[in-house]
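So this block is model.pdb, PDB, C-alpha atoms:
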```pdb
ATOM      1  CA  MET A   1       0.000   0.000   0.000
ATOM      2  CA  ARG A   2       1.258   3.449  -0.931
ATOM      3  CA  LYS A   3       2.072   5.989   1.780
ATOM      4  CA  LYS A   4       0.132   9.251   1.614
ATOM      5  CA  THR A   5       2.465  12.060   0.798
ATOM      6  CA  PHE A   6       2.178  15.616   2.019
ATOM      7  CA  THR A   7       0.878  16.718  -1.395
ATOM      8  CA  ASP A   8      -1.908  14.115  -1.377
ATOM      9  CA  LYS A   9      -2.994  15.171   2.117
ATOM     10  CA  PHE A  10      -2.876  18.862   1.182
ATOM     11  CA  ILE A  11      -5.060  18.300  -1.902
ATOM     12  CA  MET A  12      -7.605  16.319   0.129
ATOM     13  CA  ILE A  13      -7.762  19.063   2.781
ATOM     14  CA  MET A  14      -8.256  21.778   0.129
ATOM     15  CA  ILE A  15     -11.057  19.837  -1.596
ATOM     16  CA  SER A  16     -12.741  19.224   1.773
ATOM     17  CA  CYS A  17     -12.529  22.918   2.667
ATOM     18  CA  LEU A  18     -14.006  23.944  -0.687
ATOM     19  CA  ILE A  19     -16.923  21.539  -0.215
ATOM     20  CA  ILE A  20     -17.577  22.827   3.322
ATOM     21  CA  ILE A  21     -17.434  26.426   2.167
ATOM     22  CA  MET A  22     -19.897  25.767  -0.644
ATOM     23  CA  ILE A  23     -22.274  23.778   1.580
ATOM     24  CA  PHE A  24     -22.385  26.281   4.435
ATOM     25  CA  ASP A  25     -22.348  29.357   2.166
ATOM     26  CA  ILE A  26     -19.510  31.103   4.009
ATOM     27  CA  VAL A  27     -17.919  32.045   0.713
ATOM     28  CA  PRO A  28     -18.916  35.770   0.969
ATOM     29  CA  LEU A  29     -16.453  36.041   3.857
ATOM     30  CA  LEU A  30     -13.697  35.205   1.379
ATOM     31  CA  GLY A  31     -14.776  37.679  -1.335
ATOM     32  CA  TRP A  32     -16.767  35.058  -3.232
ATOM     33  CA  VAL A  33     -20.492  34.652  -3.575
ATOM     34  CA  LYS A  34     -22.419  31.605  -4.717
ATOM     35  CA  SER A  35     -24.771  33.611  -6.883
ATOM     36  CA  LEU A  36     -25.205  37.183  -8.013
ATOM     37  CA  PRO A  37     -27.609  39.555  -6.267
ATOM     38  CA  PRO A  38     -30.947  40.051  -8.031
ATOM     39  CA  HIS A  39     -31.264  43.063 -10.330
ATOM     40  CA  HIS A  40     -27.530  43.387 -11.001
ATOM     41  CA  GLU A  41     -26.240  45.216 -14.091
ATOM     42  CA  ILE A  42     -23.985  43.674 -16.712
ATOM     43  CA  VAL A  43     -21.058  45.989 -17.436
ATOM     44  CA  GLU A  44     -18.584  45.425 -20.262
ATOM     45  CA  ARG A  45     -15.143  47.025 -20.219
ATOM     46  CA  GLU A  46     -12.262  46.269 -22.580
ATOM     47  CA  GLY A  47     -13.798  42.974 -23.664
ATOM     48  CA  ARG A  48     -14.410  41.745 -20.120
ATOM     49  CA  ARG A  49     -17.836  41.198 -18.601
ATOM     50  CA  TYR A  50     -18.522  42.371 -15.051
ATOM     51  CA  HIS A  51     -21.652  42.195 -12.947
ATOM     52  CA  TYR A  52     -22.429  45.302 -10.875
ATOM     53  CA  HIS A  53     -24.704  45.721  -7.869
ATOM     54  CA  GLU A  54     -24.666  48.464  -5.199
ATOM     55  CA  GLY A  55     -21.024  49.446  -5.706
ATOM     56  CA  ARG A  56     -19.603  45.949  -6.069
ATOM     57  CA  PHE A  57     -18.221  44.492  -9.274
ATOM     58  CA  TYR A  58     -18.179  40.711  -9.733
ATOM     59  CA  ARG A  59     -16.377  38.341 -12.117
ATOM     60  CA  PRO A  60     -16.798  34.580 -12.460
ATOM     61  CA  GLY A  61     -14.985  32.734  -9.675
ATOM     62  CA  PHE A  62     -12.135  30.264  -9.825
ATOM     63  CA  LEU A  63     -12.946  27.302 -12.094
ATOM     64  CA  GLY A  64     -16.471  28.690 -12.552
ATOM     65  CA  PHE A  65     -17.436  28.346  -8.873
ATOM     66  CA  GLY A  66     -19.590  31.341  -7.947
ATOM     67  CA  PHE A  67     -18.385  34.906  -8.379
ATOM     68  CA  THR A  68     -15.500  36.925  -6.977
ATOM     69  CA  VAL A  69     -15.698  40.572  -5.900
ATOM     70  CA  VAL A  70     -13.140  42.545  -7.936
ATOM     71  CA  HIS A  71     -11.884  46.134  -8.040
ATOM     72  CA  PRO A  72     -13.925  48.255 -10.489
ATOM     73  CA  PRO A  73     -12.207  48.886 -13.827
ATOM     74  CA  VAL A  74     -11.620  52.550 -14.721
ATOM     75  CA  GLY A  75     -14.021  53.532 -17.481
ATOM     76  CA  ALA A  76     -16.785  51.110 -16.491
ATOM     77  CA  MET A  77     -20.202  52.775 -16.727
ATOM     78  CA  VAL A  78     -23.078  52.065 -14.346
ATOM     79  CA  THR A  79     -26.585  53.511 -14.188
ATOM     80  CA  VAL A  80     -26.870  53.835 -10.390
ATOM     81  CA  LEU A  81     -24.410  55.052  -7.761
ATOM     82  CA  PRO A  82     -23.783  52.775  -4.763
ATOM     83  CA  PRO A  83     -25.768  53.502  -1.598
ATOM     84  CA  GLY A  84     -23.859  55.478   1.006
ATOM     85  CA  HIS A  85     -21.619  57.249  -1.496
ATOM     86  CA  ARG A  86     -20.267  60.719  -0.735
ATOM     87  CA  THR A  87     -20.046  63.699  -3.022
ATOM     88  CA  VAL A  88     -16.521  65.093  -3.318
ATOM     89  CA  ILE A  89     -15.976  68.504  -4.881
ATOM     90  CA  TYR A  90     -12.548  68.941  -6.446
ATOM     91  CA  GLU A  91     -11.779  72.103  -8.448
ATOM     92  CA  GLY A  92     -15.511  72.669  -8.866
ATOM     93  CA  VAL A  93     -16.174  69.191 -10.278
ATOM     94  CA  PRO A  94     -18.401  66.800  -8.301
ATOM     95  CA  TYR A  95     -17.016  63.283  -7.888
ATOM     96  CA  TYR A  96     -18.922  60.506  -6.188
ATOM     97  CA  TYR A  97     -16.907  58.343  -3.799
ATOM     98  CA  CYS A  98     -17.655  54.972  -2.196
ATOM     99  CA  GLU A  99     -15.397  52.151  -0.993
ATOM    100  CA  ASP A 100     -12.192  53.504  -2.578
ATOM    101  CA  THR A 101     -13.898  54.094  -5.935
ATOM    102  CA  TYR A 102     -14.620  57.421  -7.628
ATOM    103  CA  TYR A 103     -17.362  58.039 -10.182
ATOM    104  CA  ASN A 104     -18.195  60.990 -12.477
ATOM    105  CA  SER A 105     -21.497  61.748 -14.164
ATOM    106  CA  CYS A 106     -21.720  60.758 -17.815
ATOM    107  CA  PRO A 107     -24.629  60.786 -20.292
ATOM    108  CA  SER A 108     -25.579  57.155 -19.611
ATOM    109  CA  GLY A 109     -25.125  57.264 -15.818
ATOM    110  CA  TYR A 110     -21.803  57.235 -13.960
ATOM    111  CA  SER A 111     -18.312  56.235 -14.996
ATOM    112  CA  VAL A 112     -15.549  54.829 -12.761
ATOM    113  CA  VAL A 113     -12.644  57.307 -12.879
ATOM    114  CA  THR A 114      -9.130  57.596 -11.506
ATOM    115  CA  PRO A 115      -9.157  59.390  -8.146
ATOM    116  CA  PRO A 116      -8.678  63.172  -8.191
ATOM    117  CA  PRO A 117      -5.443  64.288  -6.480
ATOM    118  CA  ILE A 118      -7.027  65.143  -3.109
ATOM    119  CA  ARG A 119      -6.017  64.279   0.416
ATOM    120  CA  HIS A 120      -8.695  62.299   2.226
ATOM    121  CA  THR A 121      -7.965  64.189   5.427
ATOM    122  CA  ASP A 122      -8.939  67.491   3.778
ATOM    123  CA  SER A 123     -12.615  67.694   4.713
ATOM    124  CA  SER A 124     -13.049  70.922   2.755
ATOM    125  CA  VAL A 125     -13.704  68.904  -0.393
ATOM    126  CA  TYR A 126     -16.341  66.575   1.069
ATOM    127  CA  ALA A 127     -20.055  67.086   0.784
ATOM    128  CA  SER A 128     -22.419  65.241   3.071
ATOM    129  CA  THR A 129     -25.274  64.362   0.757
ATOM    130  CA  GLN A 130     -25.531  61.286  -1.419
ATOM    131  CA  THR A 131     -26.321  62.690  -4.837
ATOM    132  CA  LEU A 132     -27.026  65.999  -6.545
ATOM    133  CA  THR A 133     -29.335  65.046  -9.351
ATOM    134  CA  SER A 134     -32.849  65.961  -8.189
ATOM    135  CA  PRO A 135     -34.276  69.397  -7.393
ATOM    136  CA  GLY A 136     -34.762  69.928  -3.658
ATOM    137  CA  GLU A 137     -31.773  67.845  -2.594
ATOM    138  CA  ILE A 138     -29.289  69.404  -0.215
ATOM    139  CA  VAL A 139     -25.494  69.317  -0.151
ATOM    140  CA  THR A 140     -23.301  70.547   2.676
ATOM    141  CA  ILE A 141     -19.731  71.602   1.938
ATOM    142  CA  ASN A 142     -17.168  72.362   4.650
ATOM    143  CA  ILE A 143     -15.382  75.604   3.805
ATOM    144  CA  PRO A 144     -12.016  76.424   5.458
ATOM    145  CA  ASN A 145     -12.229  79.559   7.612
ATOM    146  CA  SER A 146      -9.698  82.047   9.010
ATOM    147  CA  THR A 147      -9.452  80.188  12.354
ATOM    148  CA  LYS A 148      -8.132  77.047  10.580
ATOM    149  CA  GLY A 149     -11.487  75.362  11.134
ATOM    150  CA  TYR A 150     -14.414  74.861   8.797
ATOM    151  CA  ASN A 151     -17.808  76.463   8.216
ATOM    152  CA  ALA A 152     -20.585  74.210   6.918
ATOM    153  CA  VAL A 153     -22.326  75.741   3.887
ATOM    154  CA  THR A 154     -25.623  74.161   2.826
ATOM    155  CA  LEU A 155     -26.739  74.457  -0.798
ATOM    156  CA  LYS A 156     -30.126  73.429  -2.155
ATOM    157  CA  LYS A 157     -30.366  72.020  -5.676
ATOM    158  CA  GLN A 158     -32.959  73.788  -7.785
ATOM    159  CA  ASP A 159     -33.829  73.632 -11.461
ATOM    160  CA  GLY A 160     -30.966  75.319 -13.254
ATOM    161  CA  GLY A 161     -28.533  75.522 -10.334
ATOM    162  CA  TYR A 162     -27.941  75.769  -6.579
ATOM    163  CA  LEU A 163     -29.318  78.164  -3.950
ATOM    164  CA  GLY A 164     -26.942  79.307  -1.195
ATOM    165  CA  PRO A 165     -27.775  80.102   2.465
ATOM    166  CA  GLN A 166     -27.813  83.880   1.854
ATOM    167  CA  GLY A 167     -30.129  83.538  -1.147
ATOM    168  CA  GLU A 168     -27.344  83.657  -3.746
ATOM    169  CA  PHE A 169     -27.865  81.494  -6.832
ATOM    170  CA  TYR A 170     -25.194  79.500  -8.672
ATOM    171  CA  THR A 171     -25.895  78.178 -12.166
ATOM    172  CA  GLU A 172     -23.519  75.272 -11.486
ATOM    173  CA  MET A 173     -22.007  73.686  -8.383
ATOM    174  CA  PRO A 174     -19.841  76.438  -6.825
ATOM    175  CA  THR A 175     -16.198  75.725  -6.077
ATOM    176  CA  VAL A 176     -14.804  75.715  -2.553
ATOM    177  CA  LYS A 177     -12.891  78.865  -3.523
ATOM    178  CA  GLN A 178     -16.102  80.653  -4.580
ATOM    179  CA  LEU A 179     -17.841  79.704  -1.338
ATOM    180  CA  GLN A 180     -14.825  80.656   0.726
ATOM    181  CA  GLU A 181     -15.186  84.291  -0.375
ATOM    182  CA  LEU A 182     -18.609  84.482   1.296
ATOM    183  CA  TYR A 183     -18.376  81.920   4.080
ATOM    184  CA  GLY A 184     -14.688  81.492   4.915
ATOM    185  CA  LYS A 185     -14.438  84.324   7.434
TER     186      LYS A 185
END
```
Output the file's structure in the form of structure tokens.
Amino acid sequence: MRKKTFTDKFIMIMISCLIIIMIFDIVPLLGWVKSLPPHHEIVEREGRRYHYHEGRFYRPGFLGFGFTVVHPPVGAMVTVLPPGHRTVIYEGVPYYYCEDTYYNSCPSGYSVVTPPPIRHTDSSVYASTQTLTSPGEIVTINIPNSTKGYNAVTLKKQDGGYLGPQGEFYTEMPTVKQLQELYGK
């Protein structure tokens, strides 16, 4: 009778672990899922197919077992932003940020983009609302003041622009620099 070698034992242990993981559905803890969430989008980028749902991108798993969560490819376009995203204003341009991924508006929805060159500790570029697409929504931007702190400035989205706290109207999202002139004292 042949002695079991280390390699044989290792292969048997790995197969057993894979079976246990699949049976008890603990795969999501490892970045895998057995099946895709309902109502996911199919996103194609550079000849590769991804599945998108609530900020997560999926690709088929190892040897076709389930799906693996992967980092979003730059340039991928989705129709809906992930829940819990933040609006980041950089040089007057709104970016949408969630789980280390930045998005910009595009005609068909939102596109994954390379991060703008901001420091995440600089709260002057962060807005506290989720999205700025519907009239009546509110965005709060922290504006640096003369005491090295920040003043919160709340803008209300209206048809054709944004209304400031003192009644001033901006035809497009104002920059931090523009707001600092009025509210940075």
Taking 3 positions as the minimum chain separation for residues in the same chain, which residues sit within 7 Å of Tyr96 (chain A) when counting all atoms listed in the file? Answer as a list in words.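 These residues fall inside the cut-off: His85, Arg86, Thr87, Val88, Tyr102, Tyr103 and Asn104 of chain A.
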I want to know what sits within 9 Å of Tyr50 (chain A), based on only C-alpha atoms, with residues of the same chain fewer than 3 positions away left out; could you give that as a ChimeraX atom specification? /A:41-45,57-60,70,72
Rank A:Pro165, A:Pro116, A:Gly47, A:Pro144 by their smallest atom-to-atom distance to Val93 (chain A), using only C-alpha atoms, and report the top residue only. A:Pro116
Could you please determine the separation between CA of Thr5 (chain A) and CA of Gly64 (chain A) in Å, to one decimal place? 28.5 Å
Report as a list in words the full result of the PyMOL selection byres ((chain A and resi 35) around 12) when it is applied to this structure.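 Here the PyMOL selection byres ((chain A and resi 35) around 12) matches Met22, Asp25, Val27, Pro28, Trp32, Val33, Lys34, Leu36, Pro37, Pro38, His39, His40, His51, Tyr58, Arg59, Pro60, Gly61, Gly64, Phe65, Gly66, Phe67, Thr68 and Val69 of chain A.
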Kindly indicate which residue among A:Cys106, A:Leu163, A:Met14, A:Val74 lies nearest to Pro94 (chain A), using all atoms listed in the file for the distances.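 Ranking A:Cys106, A:Leu163, A:Met14, A:Val74 by distance to Pro94 (chain A), first place goes to A:Cys106.
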Measure the distance from CA of Ile138 (chain A) to CA of Gly164 (chain A) in Å and round it to one decimal. 10.2 Å
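Computed from the coordinates, the CA of Thr147 (chain A) to CA of Leu182 (chain A) distance equals 15.0 Å.
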Take every atom of region 48-63 of chain A listed in the file, pad by 3 Å on each side, and give me the axis-aligned box centre and edge lengths in Å, one decimal, as lines of an AutoDock Vina configuration file.
```
center_x = -18.4
center_y = 38.4
center_z = -12.7
size_x = 18.6
size_y = 28.1
size_z = 20.9
```
Step by step, work through what the PyMOL selection byres ((chain A and resi 169-175) around 12) selects in the shown file, and finish by giving those residues as a PyMOL selection string. chain A and resi 87-95+124-127+132-133+138-143+153-168+176-182
With distances taken over only C-alpha atoms, which residue among A:Ile13, A:Phe6, A:Tyr52, A:Gly75 lies nearest Tyr110 (chain A)? A:Gly75
Residues matched by the PyMOL selection byres ((chain A and resi 79) around 8) as a PyMOL selection string: chain A and resi 77-78+80-81+108-110
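Closest approach to Glu54 (chain A) among A:Cys98, A:Val113, A:Ile11, A:Ala152: A:Cys98, based on all atoms listed in the file.
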